[in-house]
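Report on the following structure.
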Amino acid sequence: DLDQAVATRDREMNYMLTNRERMELKAIEAALERINNGSYGICEECGEEIDKKRLEVLPFARHCRDCQSEIEERSGRKENSADMKKWKP
(Lines give C-alpha, C1' and ligand atoms only; values in the text may rest on other atoms or scores of the structure.)
Protein backbone atom coordinates (compact mmCIF):
# COMPACT_ATOMS: atom_id res chain seq x y z
CA ASP A 1 0.00 0.00 0.00
CA LEU A 2 1.40 3.39 -1.04
CA ASP A 3 0.50 5.18 2.21
CA GLN A 4 2.32 2.57 4.26
CA ALA A 5 5.38 2.80 1.99
CA VAL A 6 5.46 6.58 2.37
CA ALA A 7 5.10 6.31 6.16
CA THR A 8 7.93 3.75 6.29
CA ARG A 9 10.17 5.96 4.17
CA ASP A 10 9.43 8.95 6.40
CA ARG A 11 10.31 6.96 9.54
CA GLU A 12 13.57 5.80 7.96
CA MET A 13 14.45 9.36 6.94
CA ASN A 14 13.74 10.61 10.46
CA TYR A 15 15.93 7.86 11.91
CA MET A 16 18.79 8.71 9.53
CA LEU A 17 18.61 12.40 10.36
CA THR A 18 18.53 11.62 14.04
CA ASN A 19 21.48 9.26 13.68
CA ARG A 20 23.43 11.89 11.72
CA GLU A 21 22.68 14.47 14.39
CA ARG A 22 23.79 12.03 17.11
CA MET A 23 27.07 11.41 15.30
CA GLU A 24 27.61 15.15 14.88
CA LEU A 25 26.89 15.77 18.57
CA LYS A 26 29.40 13.07 19.58
CA ALA A 27 32.01 14.66 17.31
CA ILE A 28 31.37 18.08 18.86
CA GLU A 29 31.54 16.66 22.40
CA ALA A 30 34.84 14.95 21.53
CA ALA A 31 36.18 18.26 20.17
CA LEU A 32 35.20 20.01 23.41
CA GLU A 33 37.04 17.32 25.36
CA ARG A 34 40.14 17.90 23.20
CA ILE A 35 39.87 21.63 23.96
CA ASN A 36 39.71 20.82 27.69
CA ASN A 37 42.72 18.51 27.61
CA GLY A 38 44.79 20.74 25.31
CA SER A 39 44.88 18.44 22.29
CA TYR A 40 42.39 20.34 20.11
CA GLY A 41 43.80 21.10 16.67
CA ILE A 42 46.36 18.29 16.85
CA CYS A 43 45.98 15.42 14.38
CA GLU A 44 45.26 12.16 16.22
CA GLU A 45 47.13 10.23 13.51
CA CYS A 46 50.41 12.09 12.98
CA GLY A 47 50.50 14.54 15.90
CA GLU A 48 50.92 17.59 13.66
CA GLU A 49 48.75 20.70 13.89
CA ILE A 50 45.54 20.65 11.87
CA ASP A 51 45.38 23.59 9.47
CA LYS A 52 43.36 26.48 10.91
CA LYS A 53 41.30 26.74 7.72
CA ARG A 54 40.30 23.07 8.07
CA LEU A 55 39.21 23.69 11.66
CA GLU A 56 37.19 26.73 10.59
CA VAL A 57 35.30 24.59 8.08
CA LEU A 58 35.15 21.47 10.25
CA PRO A 59 35.70 22.45 13.89
CA PHE A 60 35.44 18.86 15.12
CA ALA A 61 38.12 17.52 12.74
CA ARG A 62 40.29 14.87 14.39
CA HIS A 63 42.82 14.50 11.60
CA CYS A 64 44.79 16.77 9.28
CA ARG A 65 43.80 16.73 5.62
CA ASP A 66 46.61 14.38 4.59
CA CYS A 67 45.93 11.82 7.32
CA GLN A 68 42.18 11.97 6.70
CA SER A 69 42.81 11.23 3.01
CA GLU A 70 45.03 8.28 3.93
CA ILE A 71 42.41 6.94 6.35
CA GLU A 72 39.75 7.19 3.66
CA GLU A 73 41.97 5.44 1.13
CA ARG A 74 42.71 2.60 3.57
CA SER A 75 39.06 2.13 4.42
CA GLY A 76 37.96 2.45 0.80
CA ARG A 77 35.37 5.09 1.58
CA LYS A 78 34.95 8.72 2.49
CA GLU A 79 34.69 8.80 6.28
CA ASN A 80 31.65 10.91 7.24
CA SER A 81 32.01 12.90 4.01
CA ALA A 82 28.27 13.58 3.79
CA ASP A 83 28.22 14.87 7.36
CA MET A 84 31.28 17.03 6.77
CA LYS A 85 29.71 18.64 3.71
CA LYS A 86 26.55 19.45 5.63
CA TRP A 87 28.34 21.08 8.59
CA LYS A 88 27.32 24.69 8.98
CA PRO A 89 29.17 26.55 11.76
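In the C-alpha coordinates, chains take the letters A, B, ... in the order shown, each chain's residues start at 1, and ligands count up from 1 in the order shown.
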
* Asked: Got a sec to tell me which of chain A DSSP assigns to alpha helix (DSSP H), as number ranges by chain?
  -> A: 2-37, 52-57, 65-75, 81-86

Distance query segment 52-68 of chain A at most 8 Å, only C-alpha atoms, self and fewer than 2 positions along chain excluded, as an mmCIF file with N, CA and C atoms, in the first residue's frame:
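This went into out-v2.cif:
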data_model
loop_
_atom_site.group_PDB
_atom_site.id
_atom_site.type_symbol
_atom_site.label_atom_id
_atom_site.label_comp_id
_atom_site.auth_asym_id
_atom_site.auth_seq_id
_atom_site.Cartn_x
_atom_site.Cartn_y
_atom_site.Cartn_z
ATOM 1 N N ALA A 27 30.785 14.055 17.837
ATOM 2 C CA ALA A 27 32.005 14.657 17.312
ATOM 3 C C ALA A 27 32.274 16.001 17.979
ATOM 4 N N ILE A 28 31.229 16.776 18.205
ATOM 5 C CA ILE A 28 31.374 18.081 18.865
ATOM 6 C C ILE A 28 31.791 17.891 20.316
ATOM 7 N N ALA A 30 33.438 15.398 21.536
ATOM 8 C CA ALA A 30 34.836 14.954 21.531
ATOM 9 C C ALA A 30 35.772 16.144 21.295
ATOM 10 N N ALA A 31 35.368 17.071 20.417
ATOM 11 C CA ALA A 31 36.181 18.259 20.167
ATOM 12 C C ALA A 31 36.276 19.120 21.430
ATOM 13 N N GLY A 41 43.026 20.580 17.788
ATOM 14 C CA GLY A 41 43.803 21.102 16.673
ATOM 15 C C GLY A 41 45.040 20.284 16.362
ATOM 16 N N ILE A 42 45.230 19.184 17.088
ATOM 17 C CA ILE A 42 46.363 18.291 16.852
ATOM 18 C C ILE A 42 45.818 17.014 16.213
ATOM 19 N N CYS A 43 46.409 16.618 15.096
ATOM 20 C CA CYS A 43 45.979 15.418 14.384
ATOM 21 C C CYS A 43 46.197 14.186 15.255
ATOM 22 N N GLU A 44 45.169 13.376 15.406
ATOM 23 C CA GLU A 44 45.260 12.155 16.218
ATOM 24 C C GLU A 44 46.103 11.081 15.540
ATOM 25 N N GLU A 45 46.361 11.229 14.251
ATOM 26 C CA GLU A 45 47.129 10.227 13.513
ATOM 27 C C GLU A 45 48.627 10.536 13.533
ATOM 28 N N CYS A 46 48.989 11.762 13.135
ATOM 29 C CA CYS A 46 50.413 12.094 12.981
ATOM 30 C C CYS A 46 50.952 13.022 14.062
ATOM 31 N N GLU A 48 50.667 16.241 14.176
ATOM 32 C CA GLU A 48 50.917 17.592 13.662
ATOM 33 C C GLU A 48 49.680 18.461 13.860
ATOM 34 N N GLU A 49 49.886 19.778 13.771
ATOM 35 C CA GLU A 49 48.755 20.702 13.890
ATOM 36 C C GLU A 49 47.846 20.571 12.677
ATOM 37 N N ILE A 50 46.532 20.633 12.938
ATOM 38 C CA ILE A 50 45.542 20.649 11.871
ATOM 39 C C ILE A 50 45.442 22.085 11.383
ATOM 40 N N GLU A 70 44.449 9.615 3.805
ATOM 41 C CA GLU A 70 45.033 8.275 3.929
ATOM 42 C C GLU A 70 44.063 7.311 4.611
ATOM 43 N N ILE A 71 43.386 7.774 5.645
ATOM 44 C CA ILE A 71 42.414 6.938 6.350
ATOM 45 C C ILE A 71 41.295 6.532 5.399
ATOM 46 N N GLU A 72 40.809 7.485 4.612
ATOM 47 C CA GLU A 72 39.745 7.195 3.663
ATOM 48 C C GLU A 72 40.207 6.215 2.593
ATOM 49 N N MET A 84 30.347 15.910 6.847
ATOM 50 C CA MET A 84 31.280 17.029 6.771
ATOM 51 C C MET A 84 30.775 18.098 5.818
ATOM 52 N N TRP A 87 28.023 20.295 7.391
ATOM 53 C CA TRP A 87 28.345 21.078 8.593
ATOM 54 C C TRP A 87 28.233 22.558 8.283
ATOM 55 N N PRO A 89 28.805 25.965 10.458
ATOM 56 C CA PRO A 89 29.171 26.548 11.763
ATOM 57 C C PRO A 89 28.230 27.661 12.184
#

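Of note, atom CA of Ser69 of chain A and atom CA of Gly47 of chain A are spaced 15.4 Å apart.
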
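The gap separating atom CA of Gly76 of chain A from atom CA of Leu32 of chain A is 28.8 Å, in Å to one decimal.
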
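The coordinates place atom CA of Met23 of chain A at 18.7 Å from atom CA of Ser75 of chain A.
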